[in-house]
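J.: work_4.cif is reproduced below (mmCIF, C-alpha atoms).
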```cif
data_structure
loop_
_atom_site.label_atom_id
_atom_site.label_comp_id
_atom_site.auth_asym_id
_atom_site.auth_seq_id
_atom_site.Cartn_x
_atom_site.Cartn_y
_atom_site.Cartn_z
CA MET A 1 0.00 0.00 0.00
CA ALA A 2 2.72 2.42 -0.94
CA ALA A 3 1.23 5.89 -0.79
CA GLU A 4 1.18 6.45 -4.51
CA THR A 5 -1.61 8.96 -4.14
CA LYS A 6 -0.08 12.23 -3.16
CA ILE A 7 -0.81 13.23 0.44
CA ASP A 8 -2.61 16.54 0.30
CA PRO A 9 -2.23 18.48 3.57
CA MET A 10 -5.22 20.64 2.64
CA HIS A 11 -7.61 17.74 2.20
CA GLN A 12 -8.41 17.75 5.92
CA PHE A 13 -10.17 21.09 5.48
CA GLN A 14 -12.46 19.75 2.77
CA ILE A 15 -16.16 20.01 3.56
CA ASP A 16 -18.29 17.21 2.18
CA PRO A 17 -21.98 16.46 2.60
CA VAL A 18 -22.66 13.64 5.02
CA ILE A 19 -26.31 13.41 3.99
CA GLY A 20 -27.32 14.33 0.48
CA SER A 21 -25.06 16.13 -1.97
CA TRP A 22 -24.25 19.62 -3.24
CA ALA A 23 -26.18 18.88 -6.38
CA GLU A 24 -29.50 18.82 -4.54
CA GLY A 25 -29.38 22.56 -4.21
CA ASN A 26 -30.20 22.45 -0.52
CA PRO A 27 -28.27 25.36 0.99
CA PHE A 28 -28.38 23.81 4.49
CA VAL A 29 -26.73 20.52 3.60
CA PHE A 30 -25.64 18.46 6.60
CA THR A 31 -21.87 18.31 6.12
CA ASN A 32 -18.98 16.83 8.05
CA SER A 33 -18.41 20.35 9.38
CA ALA A 34 -21.97 20.43 10.75
CA LEU A 35 -21.49 16.94 12.18
CA TRP A 36 -18.38 18.02 14.09
CA MET A 37 -20.13 21.17 15.26
CA LEU A 38 -22.83 18.95 16.75
CA ILE A 39 -20.13 16.76 18.32
CA VAL A 40 -18.61 19.90 19.84
CA LEU A 41 -22.05 20.92 21.09
CA ALA A 42 -22.66 17.50 22.61
CA SER A 43 -19.25 17.50 24.30
CA ILE A 44 -19.85 20.94 25.81
CA TRP A 45 -23.31 19.85 26.93
CA VAL A 46 -21.99 16.70 28.60
CA PHE A 47 -19.19 18.67 30.22
CA MET A 48 -21.60 21.27 31.56
CA MET A 49 -24.06 18.68 32.83
CA GLY A 50 -21.32 17.49 35.16
CA GLY A 51 -21.38 20.94 36.72
CA MET A 52 -25.13 20.93 37.31
CA LYS A 53 -25.01 18.76 40.42
CA ARG A 54 -24.82 21.98 42.38
CA GLU A 55 -23.39 20.37 45.47
CA LEU A 56 -21.99 22.43 48.28
CA VAL A 57 -18.74 20.49 48.21
CA PRO A 58 -17.95 20.01 44.52
CA GLY A 59 -16.52 16.82 43.09
CA ARG A 60 -13.71 16.92 40.53
CA TRP A 61 -15.99 17.36 37.55
CA GLN A 62 -18.15 20.01 39.16
CA ALA A 63 -15.01 21.81 40.30
CA ALA A 64 -13.69 21.78 36.72
CA VAL A 65 -16.93 23.23 35.32
CA GLU A 66 -17.06 25.84 38.06
CA GLY A 67 -13.42 26.68 37.39
CA VAL A 68 -14.18 27.43 33.72
CA THR A 69 -17.33 29.42 34.45
CA SER A 70 -15.64 31.41 37.21
CA PHE A 71 -12.70 32.02 34.88
CA ILE A 72 -14.96 33.63 32.26
CA SER A 73 -17.09 35.57 34.74
CA SER A 74 -14.03 36.92 36.55
CA MET A 75 -12.47 37.86 33.20
CA LEU A 76 -15.50 39.99 32.41
CA MET A 77 -15.62 41.36 35.94
CA THR A 78 -12.03 42.56 35.80
CA ASN A 79 -12.17 43.87 32.22
CA VAL A 80 -15.66 45.36 32.06
CA GLY A 81 -16.77 45.69 35.67
CA PRO A 82 -20.12 44.77 37.23
CA GLU A 83 -21.89 45.53 33.94
CA GLY A 84 -19.91 42.76 32.31
CA ARG A 85 -22.16 40.19 33.97
CA LYS A 86 -24.65 40.56 31.14
CA TYR A 87 -22.09 39.48 28.56
CA VAL A 88 -20.89 36.37 30.38
CA PRO A 89 -23.18 34.01 28.41
CA TRP A 90 -21.89 35.16 25.02
CA VAL A 91 -18.20 35.20 25.98
CA PHE A 92 -18.68 31.82 27.60
CA THR A 93 -20.35 30.49 24.45
CA VAL A 94 -17.51 31.75 22.28
CA PHE A 95 -14.82 30.45 24.63
CA MET A 96 -16.29 27.00 25.06
CA PHE A 97 -17.14 26.55 21.38
CA ILE A 98 -13.65 27.54 20.24
CA LEU A 99 -11.88 25.60 22.97
CA PHE A 100 -13.81 22.39 22.36
CA ALA A 101 -13.67 22.73 18.58
CA ASN A 102 -9.91 23.29 18.71
CA LEU A 103 -9.27 20.41 21.09
CA ILE A 104 -11.59 17.95 19.34
CA GLY A 105 -9.91 18.86 16.05
CA MET A 106 -6.56 17.92 17.61
CA MET A 107 -7.69 14.52 18.87
CA PRO A 108 -6.35 11.60 16.83
CA PHE A 109 -9.74 10.26 15.78
CA GLY A 110 -8.19 9.47 12.38
CA ILE A 111 -6.78 6.19 13.72
CA ILE A 112 -10.33 4.81 13.77
CA PRO A 113 -11.00 3.58 10.22
CA GLY A 114 -13.55 5.65 8.41
CA VAL A 115 -13.46 8.56 10.80
CA HIS A 116 -12.12 11.81 9.43
CA PRO A 117 -11.48 14.36 12.13
CA PHE A 118 -12.40 17.89 11.21
CA THR A 119 -11.45 21.13 12.91
CA VAL A 120 -14.45 23.43 12.81
CA THR A 121 -12.40 26.49 13.74
CA SER A 122 -10.07 26.04 10.76
CA GLN A 123 -12.83 27.45 8.56
CA PHE A 124 -12.90 31.22 8.20
CA THR A 125 -16.63 31.01 7.57
CA ILE A 126 -16.92 29.86 11.19
CA THR A 127 -14.37 32.15 12.81
CA GLY A 128 -15.72 35.01 10.68
CA ILE A 129 -19.25 34.56 11.99
CA LEU A 130 -17.97 34.38 15.57
CA ALA A 131 -15.98 37.59 15.08
CA ILE A 132 -18.88 39.35 13.34
CA ILE A 133 -21.26 38.49 16.17
CA SER A 134 -18.78 39.76 18.77
CA PHE A 135 -18.19 42.92 16.76
CA SER A 136 -21.92 43.45 16.27
CA ILE A 137 -22.45 43.20 20.02
CA VAL A 138 -19.81 45.90 20.47
CA LEU A 139 -21.44 48.17 17.87
CA ILE A 140 -25.00 47.63 19.11
CA VAL A 141 -24.14 48.05 22.78
CA GLY A 142 -21.91 51.06 22.00
CA PHE A 143 -24.48 52.97 19.97
CA TRP A 144 -27.33 51.89 22.27
CA LYS A 145 -25.62 53.13 25.42
CA HIS A 146 -23.75 56.20 24.12
CA LYS A 147 -25.62 57.12 20.92
CA LEU A 148 -23.29 59.18 18.72
CA HIS A 149 -20.97 59.71 21.66
CA PHE A 150 -19.64 56.30 20.78
CA PHE A 151 -17.46 57.97 18.15
CA SER A 152 -15.46 59.59 20.94
CA LEU A 153 -13.89 56.16 21.23
CA PHE A 154 -11.66 57.18 18.33
CA VAL A 155 -10.50 60.38 20.02
CA PRO A 156 -8.08 59.74 22.86
CA LYS A 157 -8.46 62.26 25.66
CA GLY A 158 -6.00 65.15 25.93
CA THR A 159 -4.59 64.83 22.43
CA PRO A 160 -3.48 68.05 20.70
CA PHE A 161 -5.64 69.01 17.72
CA ILE A 162 -2.91 68.42 15.16
CA LEU A 163 -2.32 64.93 16.44
CA LYS A 164 -6.04 64.24 16.49
CA LEU A 165 -6.10 64.63 12.71
CA LEU A 166 -3.61 61.81 12.52
CA ILE A 167 -4.78 59.60 15.36
CA VAL A 168 -8.51 59.55 14.69
CA PRO A 169 -8.20 57.86 11.28
CA ILE A 170 -5.70 55.38 12.69
CA GLU A 171 -8.02 54.55 15.58
CA PHE A 172 -10.93 54.25 13.19
CA VAL A 173 -9.13 51.85 10.90
CA SER A 174 -7.84 49.78 13.81
CA PHE A 175 -11.40 49.59 15.10
CA LEU A 176 -12.71 48.39 11.75
CA VAL A 177 -9.93 45.83 11.47
CA ARG A 178 -10.93 44.21 14.76
CA PRO A 179 -13.39 41.63 13.38
CA PHE A 180 -10.89 40.58 10.70
CA SER A 181 -8.01 40.24 13.12
CA LEU A 182 -10.27 38.37 15.52
CA ALA A 183 -11.38 35.92 12.83
CA LEU A 184 -8.08 35.52 11.02
CA ARG A 185 -5.97 35.02 14.14
CA LEU A 186 -7.93 31.95 15.16
CA PHE A 187 -8.32 30.64 11.62
CA VAL A 188 -4.63 31.00 10.78
CA ALA A 189 -3.44 29.53 14.07
CA MET A 190 -5.56 26.43 13.60
CA ILE A 191 -4.92 25.88 9.90
CA ALA A 192 -1.17 26.43 10.26
CA GLY A 193 -0.80 23.89 13.05
CA HIS A 194 -2.85 21.27 11.26
CA ILE A 195 -0.97 21.73 7.98
CA LEU A 196 2.35 21.48 9.81
CA ILE A 197 1.37 18.23 11.50
CA LYS A 198 0.00 16.80 8.25
CA VAL A 199 3.14 17.74 6.30
CA PHE A 200 5.39 16.06 8.84
CA GLY A 201 3.03 13.09 8.88
CA SER A 202 3.48 12.77 5.12
CA PHE A 203 7.24 12.94 5.67
CA ILE A 204 6.97 9.87 7.91
CA VAL A 205 5.10 7.93 5.26
CA SER A 206 7.37 8.91 2.40
CA GLY A 207 10.44 8.35 4.59
CA LEU A 208 9.35 4.78 5.30
CA ASN A 209 8.62 4.18 1.62
CA ALA A 210 11.96 5.59 0.51
CA GLU A 211 14.90 3.31 -0.12
CA GLY A 212 18.16 3.59 1.76
CA ALA A 213 19.06 4.30 5.35
CA MET A 214 18.09 7.97 5.28
CA GLY A 215 14.36 7.28 4.97
CA PRO A 216 13.66 5.73 8.39
CA ALA A 217 15.92 8.33 10.03
CA ILE A 218 13.86 11.12 8.52
CA SER A 219 10.68 9.31 9.57
CA LEU A 220 11.88 9.07 13.14
CA LEU A 221 12.93 12.71 13.19
CA SER A 222 9.55 13.76 11.79
CA PHE A 223 7.76 11.65 14.37
CA VAL A 224 9.65 13.31 17.21
CA PHE A 225 8.89 16.66 15.65
CA ILE A 226 5.17 15.83 15.42
CA ILE A 227 5.08 15.06 19.14
CA GLY A 228 6.53 18.48 19.86
CA VAL A 229 4.23 20.28 17.44
CA SER A 230 1.19 18.45 18.82
CA ALA A 231 2.04 19.55 22.34
CA LEU A 232 2.49 23.10 21.10
CA GLU A 233 -0.78 22.93 19.19
CA LEU A 234 -2.68 21.80 22.29
CA LEU A 235 -1.32 24.88 23.99
CA VAL A 236 -2.31 27.04 21.02
CA CYS A 237 -5.84 25.56 21.13
CA ALA A 238 -6.34 26.85 24.66
CA ILE A 239 -4.51 30.13 24.04
CA GLN A 240 -6.54 30.97 20.94
CA ALA A 241 -9.81 30.33 22.75
CA TYR A 242 -8.58 32.49 25.62
CA VAL A 243 -7.39 35.26 23.28
CA PHE A 244 -10.69 35.33 21.43
CA ALA A 245 -12.66 35.52 24.68
CA LEU A 246 -10.29 38.09 26.19
CA LEU A 247 -10.37 40.37 23.14
CA THR A 248 -14.16 40.07 22.97
CA SER A 249 -14.42 41.16 26.57
CA LEU A 250 -11.96 44.04 25.98
CA TYR A 251 -13.97 45.23 22.98
CA ILE A 252 -17.17 44.98 25.01
CA ASN A 253 -15.44 47.06 27.66
CA ASP A 254 -14.79 49.76 25.02
CA ALA A 255 -18.47 49.75 24.11
CA VAL A 256 -19.71 49.79 27.69
CA ASN A 257 -17.23 52.18 29.27
CA LEU A 258 -15.80 54.19 26.32
CA HIS A 259 -12.15 53.97 27.46
CA MET B 260 -7.33 25.99 -0.18
CA PRO B 261 -10.70 24.28 0.25
CA GLN B 262 -11.93 27.06 2.48
CA ILE B 263 -11.85 29.43 -0.50
CA ASN B 264 -12.63 26.97 -3.28
CA GLN B 265 -15.74 25.68 -1.56
CA LEU B 266 -16.90 28.99 -0.18
CA ALA B 267 -19.88 29.39 -2.48
CA ASP B 268 -21.05 25.83 -1.87
CA VAL B 269 -20.64 25.61 1.88
CA ALA B 270 -21.32 29.14 3.10
CA PHE B 271 -25.05 28.75 3.76
CA SER B 272 -24.69 25.34 5.31
CA GLN B 273 -21.82 26.55 7.52
CA PHE B 274 -23.70 29.65 8.66
CA PHE B 275 -26.88 27.74 9.31
CA TRP B 276 -25.33 24.97 11.40
CA LEU B 277 -22.99 27.32 13.22
CA LEU B 278 -25.80 29.69 14.18
CA LEU B 279 -27.93 26.73 15.26
CA VAL B 280 -25.15 25.34 17.44
CA LEU B 281 -24.25 28.75 18.85
CA ALA B 282 -27.90 29.47 19.63
CA ILE B 283 -28.22 26.17 21.49
CA ILE B 284 -25.01 26.84 23.44
CA TYR B 285 -25.95 30.47 24.14
CA PHE B 286 -29.53 29.87 25.26
CA GLY B 287 -29.25 26.35 26.61
CA ILE B 288 -25.90 26.58 28.34
CA GLY B 289 -24.96 30.27 28.52
CA ARG B 290 -28.36 31.44 29.75
CA GLY B 291 -29.70 28.18 31.14
CA MET B 292 -26.94 26.35 32.97
CA LEU B 293 -24.31 29.05 33.45
CA PRO B 294 -26.28 31.30 35.84
CA LYS B 295 -27.16 28.26 37.97
CA ILE B 296 -23.54 27.18 38.16
CA LEU B 297 -22.39 30.72 38.93
CA SER B 298 -25.07 31.07 41.60
CA THR B 299 -23.92 27.78 43.11
CA VAL B 300 -20.38 29.13 43.29
CA GLU B 301 -21.64 32.39 44.74
CA ALA B 302 -23.82 30.59 47.30
CA ARG B 303 -20.82 28.53 48.32
CA ASP B 304 -18.62 31.63 48.63
CA ASN B 305 -21.31 33.30 50.75
CA ARG B 306 -21.65 30.19 52.85
CA VAL B 307 -17.91 30.02 53.42
CA ALA B 308 -17.75 33.72 54.30
CA GLU B 309 -20.71 33.29 56.64
CA ASP B 310 -19.16 30.26 58.29
CA LEU B 311 -15.91 32.14 58.75
CA ALA B 312 -17.77 35.07 60.30
CA ASN B 313 -19.65 32.66 62.57
CA ALA B 314 -16.40 31.01 63.60
CA GLU B 315 -14.89 34.42 64.31
CA ARG B 316 -17.91 35.36 66.40
CA ALA B 317 -17.76 32.06 68.28
CA ARG B 318 -14.08 32.59 68.97
CA SER B 319 -14.59 36.07 70.37
CA ALA B 320 -17.45 34.73 72.50
CA ALA B 321 -15.16 31.99 73.77
CA ASP B 322 -12.52 34.59 74.53
CA GLU B 323 -15.05 36.62 76.47
CA ILE B 324 -16.19 33.59 78.43
CA GLU B 325 -12.61 32.72 79.21
CA ALA B 326 -11.90 36.25 80.39
CA ALA B 327 -15.00 36.17 82.61
CA TYR B 328 -13.95 32.79 83.96
CA ARG B 329 -10.47 34.10 84.71
CA ALA B 330 -11.88 37.13 86.51
CA ARG B 331 -14.17 34.92 88.56
CA ILE B 332 -11.33 32.54 89.43
CA GLU B 333 -9.21 35.53 90.43
CA ALA B 334 -11.99 36.93 92.62
CA SER B 335 -12.72 33.63 94.29
CA ARG B 336 -9.05 33.04 94.90
CA GLY B 337 -8.80 36.44 96.66
CA GLU B 338 -11.84 35.59 98.71
CA ALA B 339 -10.42 32.24 99.64
CA VAL B 340 -7.18 33.87 100.78
CA LYS B 341 -9.18 36.33 102.86
CA VAL B 342 -11.27 33.59 104.42
CA THR B 343 -8.27 31.45 105.28
CA GLN B 344 -6.51 34.43 106.77
CA ALA B 345 -9.52 35.26 108.89
CA ALA B 346 -9.81 31.63 109.95
CA LYS B 347 -6.14 31.54 110.78
CA GLN B 348 -6.43 34.68 112.87
CA ALA B 349 -9.53 33.41 114.63
CA THR B 350 -7.98 30.09 115.48
CA GLY B 351 -4.82 31.83 116.64
CA ARG B 352 -6.75 34.05 118.94
CA GLU B 353 -8.77 31.18 120.29
CA ALA B 354 -5.68 29.12 120.92
CA GLU B 355 -4.07 32.03 122.67
CA GLU B 356 -7.12 32.48 124.85
CA ARG B 357 -7.21 28.83 125.71
CA VAL B 358 -3.54 28.86 126.50
CA LYS B 359 -4.05 31.92 128.68
CA ALA B 360 -6.97 30.31 130.48
CA ALA B 361 -4.98 27.15 131.01
CA ASP B 362 -2.11 29.29 132.20
CA ALA B 363 -4.28 31.05 134.71
CA GLU B 364 -5.74 27.77 135.94
CA ILE B 365 -2.33 26.27 136.27
CA GLY B 366 -1.12 29.40 138.02
CA ALA B 367 -3.98 29.17 140.46
CA LYS B 368 -3.26 25.49 141.09
CA VAL B 369 0.40 26.24 141.59
CA GLU B 370 -0.46 29.02 144.00
CA THR B 371 -2.72 26.85 146.09
CA ALA B 372 -0.12 24.16 146.07
CA GLU B 373 2.50 26.65 147.12
CA ALA B 374 0.22 27.94 149.83
CA ARG B 375 -0.30 24.40 151.03
CA ILE B 376 3.39 23.80 150.96
CA ARG B 377 4.01 26.97 152.87
CA ALA B 378 1.40 26.06 155.43
CA ALA B 379 2.88 22.61 155.72
CA THR B 380 6.32 24.12 156.11
CA ASP B 381 5.11 26.55 158.71
CA ALA B 382 3.36 23.78 160.55
CA ALA B 383 6.43 21.66 160.30
CA LEU B 384 8.60 24.52 161.51
CA ALA B 385 6.26 25.19 164.33
CA GLU B 386 6.28 21.55 165.20
CA ILE B 387 10.04 21.51 164.99
CA GLU B 388 10.20 24.55 167.28
CA THR B 389 7.98 22.97 169.87
CA VAL B 390 9.86 19.70 169.53
CA ALA B 391 13.17 21.60 169.81
CA SER B 392 12.03 23.63 172.80
CA GLU B 393 10.78 20.46 174.56
CA ALA B 394 14.03 18.79 173.69
CA ALA B 395 15.92 21.86 174.96
CA GLN B 396 13.92 21.78 178.19
CA GLU B 397 14.61 18.14 178.68
CA MET B 398 18.27 18.56 177.72
CA VAL B 399 18.61 21.47 180.15
CA ALA B 400 16.81 19.51 182.83
CA LYS B 401 18.95 16.50 182.32
CA VAL B 402 22.27 18.25 181.82
CA ALA B 403 21.92 21.15 184.19
CA GLY B 404 19.06 19.93 186.29
CA LEU B 405 17.42 23.21 185.76
CA LYS B 406 13.86 23.72 185.19
CA VAL B 407 13.33 26.00 182.25
CA THR B 408 9.90 27.30 181.50
CA SER B 409 8.58 26.37 178.12
CA ALA B 410 8.30 30.05 177.18
CA ARG B 411 12.00 30.64 177.72
CA ALA B 412 12.91 27.50 175.91
CA ALA B 413 10.83 28.51 172.98
CA LYS B 414 12.40 31.91 172.86
CA ALA B 415 15.88 30.45 172.98
CA VAL B 416 15.07 28.00 170.23
CA LYS B 417 13.62 30.76 168.09
CA ALA B 418 16.71 32.86 168.60
CA ALA B 419 18.99 29.96 167.75
CA MET B 420 16.98 29.04 164.69
CA SER B 421 16.80 32.56 163.33
CA ASN B 422 20.56 32.79 163.78
CA GLY B 423 21.12 29.35 162.35
#
```
Translate the structure of the given file into structure tokens.

T.:
Amino acid sequence: MAAETKIDPMHQFQIDPVIGSWAEGNPFVFTNSALWMLIVLASIWVFMMGGMKRELVPGRWQAAVEGVTSFISSMLMTNVGPEGRKYVPWVFTVFMFILFANLIGMMPFGIIPGVHPFTVTSQFTITGILAIISFSIVLIVGFWKHKLHFFSLFVPKGTPFILKLLIVPIEFVSFLVRPFSLALRLFVAMIAGHILIKVFGSFIVSGLNAEGAMGPAISLLSFVFIIGVSALELLVCAIQAYVFALLTSLYINDAVNLH
Amino acid sequence: MPQINQLADVAFSQFFWLLLVLAIIYFGIGRGMLPKILSTVEARDNRVAEDLANAERARSAADEIEAAYRARIEASRGEAVKVTQAAKQATGREAEERVKAADAEIGAKVETAEARIRAATDAALAEIETVASEAAQEMVAKVAGLKVTSARAAKAVKAAMSNG
């Protein structure tokens, strides 16, 4: 079974219908992406159910769930203040969805025949929607609370007039770039890690198929490298979820408190 | 890159399923479970704070009780010292009185005894004098053949005895 077919590191990002086909013209086709989103949802649900025992002395599971929820609520408390309580559900949703999607995408489900793991957050359609929703919350809350005063966000206090001419456009552009940076950061981090692992995985296969002593040596080296990259990627999974949640809460703070 | 190549095909499906999943997480977990879990944590924190406050209160109460106990012990110890001192003094006085009384009794006894002794001595002396004067009379009568009156004999004896 020499891998004559070329290993395509991008194939893992392919979205295919699980039920039906593209040709049917159904825009809401149930794809492998949707399937893994539902798996993420189910995992989060099961995880959270463990925290619903509501005992006075928590067990390990309940303590873990309470640790995550307290982490998010204290993040909003410190960054936004008491008003941040209202935004805990959304930031929690974003954090949990990204964290679980990232981690489930990293799990080696591929060793089970017929199962093709899929990382939901490696699609910019997904990260884009998440970023747009977060950004919309900022815009809606900002204009709702401060009306047109919200534009004072772009004018730092105590700036000389000449500098204002320069700074206001820069602030405005950096504000508009926020949803893109939010979406692309997560998307790029996930896709880069997965491509890297896949490329080194293909090195192992082609190293074993190659003739001569160099092949197995390269395979071994690639394998060691994959272990390191996988560990790093697990870290990145958590960091990206944290960064997304943290930036969302910082942007909400801008909208609520205007600097 | 499949993400770009497939964009037109998958966009609607992706948006639909993502929004569905996010809505379920947001409303089911974020708004349903999360507040309950947070309120559990908060209730526990309150409970712990309350318990700590209760413990603090109990400790200060215990301290107060101990202080009161100490004060009472101190007071009763002082009282006990006073009582023992008084008792000691009382018993001392009583003993002294009894000793004095016994002393006086003994003194009286001694005096009467002395008086008796004196009387006995006097009687004895007197007896001796009469015996001596009779003996002197007889001796004089026998030696000198003189008859001496008892009065003179007695006088002579008295003189000799007071000289002797």

J.: Just so the selection is clear, what residues does the PyMOL selection byres ((chain B) within 12 of (chain A)) cover here, as number ranges by chain?

T.: B: 260-307

J.: May I have the residues within 6 Å of segment 406-415 of chain B as a ChimeraX atom specification, using only C-alpha atoms and disregarding those fewer than 6 positions away in the same chain?

T.: /B:392,396,400

J.: One number please: atom CA of Ile252 of chain A to atom CA of Gly142 of chain A, in Å, one decimal.

T.: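 Here the two named atoms are 8.3 Å from each other.
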
J.: Can you list, as a short mmCIF file (atom, residue, chain, number, x, y, z; two decimals) with C-alpha atoms, in the frame of the given file, the residues that the PyMOL selection byres ((chain A and resi 247) around 12) selects here?

T.:
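Dumped everything to expr00.cif:
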```
data_model
loop_
_atom_site.label_atom_id
_atom_site.label_comp_id
_atom_site.auth_asym_id
_atom_site.auth_seq_id
_atom_site.Cartn_x
_atom_site.Cartn_y
_atom_site.Cartn_z
CA MET A 75 -12.47 37.86 33.20
CA LEU A 76 -15.50 39.99 32.41
CA ASN A 79 -12.17 43.87 32.22
CA VAL A 80 -15.66 45.36 32.06
CA VAL A 91 -18.20 35.20 25.98
CA VAL A 94 -17.51 31.75 22.28
CA PHE A 95 -14.82 30.45 24.63
CA ALA A 131 -15.98 37.59 15.08
CA SER A 134 -18.78 39.76 18.77
CA PHE A 135 -18.19 42.92 16.76
CA VAL A 138 -19.81 45.90 20.47
CA ARG A 178 -10.93 44.21 14.76
CA PRO A 179 -13.39 41.63 13.38
CA SER A 181 -8.01 40.24 13.12
CA LEU A 182 -10.27 38.37 15.52
CA ALA A 183 -11.38 35.92 12.83
CA ARG A 185 -5.97 35.02 14.14
CA LEU A 186 -7.93 31.95 15.16
CA ILE A 239 -4.51 30.13 24.04
CA GLN A 240 -6.54 30.97 20.94
CA ALA A 241 -9.81 30.33 22.75
CA TYR A 242 -8.58 32.49 25.62
CA VAL A 243 -7.39 35.26 23.28
CA PHE A 244 -10.69 35.33 21.43
CA ALA A 245 -12.66 35.52 24.68
CA LEU A 246 -10.29 38.09 26.19
CA THR A 248 -14.16 40.07 22.97
CA SER A 249 -14.42 41.16 26.57
CA LEU A 250 -11.96 44.04 25.98
CA TYR A 251 -13.97 45.23 22.98
CA ILE A 252 -17.17 44.98 25.01
CA ASN A 253 -15.44 47.06 27.66
CA ASP A 254 -14.79 49.76 25.02
#
```

J.: Mind pulling up the distance from atom CA of Leu196 of chain A to atom CA of Leu220 of chain A?

T.: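 Calculated distance between atom CA of Leu220 of chain A and atom CA of Leu196 of chain A is 16.0 Å.
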
J.: In Å, rounded to a single decimal, give me how far atom CA of Ile167 of chain A is from atom CA of Ile140 of chain A.

T.: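 Distance reported for this atom pair: 23.8 Å.
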
J.: The PyMOL selection byres ((chain A and resi 223) around 12) - which residues does that actually catch in the file I just gave you? List them as an NGL selection string.

T.: :A and (197-205 or 207-208 or 216-222 or 224-230)

J.: Build an axis-aligned box that encloses every atom of segment 370-388 of chain B listed in the file, pad it by 8 Å on each side, and report its centre and edge lengths in Å to one decimal, as AutoDock Vina command-line options.

T.:
```
--center_x 3.7 --center_y 25.3 --center_z 155.6 --size_x 28.9 --size_y 23.5 --size_z 39.3
```

J.: Taking into account all atoms listed in the file, which residue in the set A:Leu232, A:Ala238, A:Leu103, A:Ile72 is nearest to Gly193 of chain A?

T.: A:Leu232
